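Presented below is the structure to which this report refers.
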Amino acid sequence: MAVVVCARCGQERDGAGKVGLPGSLGAEIEARICRECWTEWLSTQIRVINHYGLRPAQREDRDKLYELTREFLQLAAPAGAVGGRGAEPPDASEV
Ligand SMILES: [Zn+2]
């Protein structure tokens with residue numbers, strides 16, 4: 001098992017290994033996320049799926065889940081999308 005410096009907890013630990021996610025997200029998790037954090041996400045994502053009512057069989061919901069996965073694991077968005085979700089504008093004055 002490869003050792004990684006985890007992007008989420010900052011510890012040097014055993015990597016998550018094969019996570020079975022497609023594309024760059026799966027590769028990034030395998031390279032940058034420790035097993036502990038990945039395990040934590042696996043139990044958290046069940047609550048997240050229920051909370052948002054996601055149906056991972058549907059592409060749109062799956063994309064949302066991947067986005068939340070990145071957020072939880074503190075992985076930056078893919079190259080080119082950096083800063084795509086910027087800070088809230090300061091004039092959001094509604095209560
Ligand atoms: Zn970690």
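Going by the structure tokens order, chains are called A, B, ..., each with residues numbered from 1, while ligands are numbered from 1 in the order shown.
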What do you get as an mmCIF file with C-alpha atoms, in the first residue's frame if you pick all residues at most 12 Å from ligand 1, counting only C-alpha atoms and all ligand atoms?
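For reference, part-v6.cif as written:
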```cif
data_model
loop_
_atom_site.group_PDB
_atom_site.id
_atom_site.type_symbol
_atom_site.label_atom_id
_atom_site.label_comp_id
_atom_site.auth_asym_id
_atom_site.auth_seq_id
_atom_site.Cartn_x
_atom_site.Cartn_y
_atom_site.Cartn_z
ATOM 1 C CA VAL A 3 1.937 5.990 1.653
ATOM 2 C CA VAL A 4 0.483 9.411 0.864
ATOM 3 C CA VAL A 5 0.555 12.822 2.466
ATOM 4 C CA CYS A 6 -3.164 13.238 2.807
ATOM 5 C CA ALA A 7 -4.741 16.368 1.289
ATOM 6 C CA ARG A 8 -7.440 16.365 3.968
ATOM 7 C CA CYS A 9 -5.751 15.567 7.278
ATOM 8 C CA GLY A 10 -2.167 16.395 6.291
ATOM 9 C CA GLN A 11 -0.846 13.179 7.815
ATOM 10 C CA GLU A 12 1.506 10.752 6.178
ATOM 11 C CA ARG A 13 -0.516 7.564 6.097
ATOM 12 C CA ASP A 14 -1.457 4.557 4.027
ATOM 13 C CA GLY A 15 -3.283 5.683 0.916
ATOM 14 C CA ALA A 16 -6.906 4.930 0.170
ATOM 15 C CA ILE A 29 -8.029 10.164 -4.213
ATOM 16 C CA GLU A 30 -5.711 7.208 -4.716
ATOM 17 C CA ALA A 31 -2.703 9.527 -4.852
ATOM 18 C CA ARG A 32 -3.618 12.114 -2.219
ATOM 19 C CA ILE A 33 -6.096 10.754 0.329
ATOM 20 C CA CYS A 34 -5.352 8.447 3.241
ATOM 21 C CA ARG A 35 -7.347 5.375 4.057
ATOM 22 C CA GLU A 36 -8.780 6.875 7.242
ATOM 23 C CA CYS A 37 -10.201 9.912 5.490
ATOM 24 C CA TRP A 38 -11.556 7.780 2.660
ATOM 25 C CA THR A 39 -13.260 5.461 5.149
ATOM 26 C CA GLU A 40 -14.691 8.485 6.893
ATOM 27 C CA TRP A 41 -16.090 9.753 3.611
ATOM 28 C CA PHE A 72 -15.111 16.736 1.858
ATOM 29 C CA LEU A 73 -11.654 15.475 0.938
ATOM 30 C CA GLN A 74 -10.390 19.008 0.273
ATOM 31 C CA LEU A 75 -9.272 18.227 -3.232
#
```
Among region 6-75 of chain A, which ones does DSSP assign to strand (DSSP E or B) (computed from the backbone)? Answer as a list in words.
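Residues meeting the strand (DSSP E or B) criterion: Glu12, Arg13, Asp14, Gly15 and Cys34 of chain A.
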Straight-line distance linking CA of Ala2 (chain A) with CA of Ile46 (chain A), stated in Å to one decimal
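Interatomic distance here is 26.5 Å.
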What is the CA of Gly17 (chain A)-CA of His51 (chain A) distance in Å, reported with one decimal?
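Distance reported for this atom pair: 27.1 Å.
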Between CA of Leu21 (chain A) and CA of Tyr66 (chain A), what is the spacing in Å?
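These atoms are spaced 8.9 Å apart.
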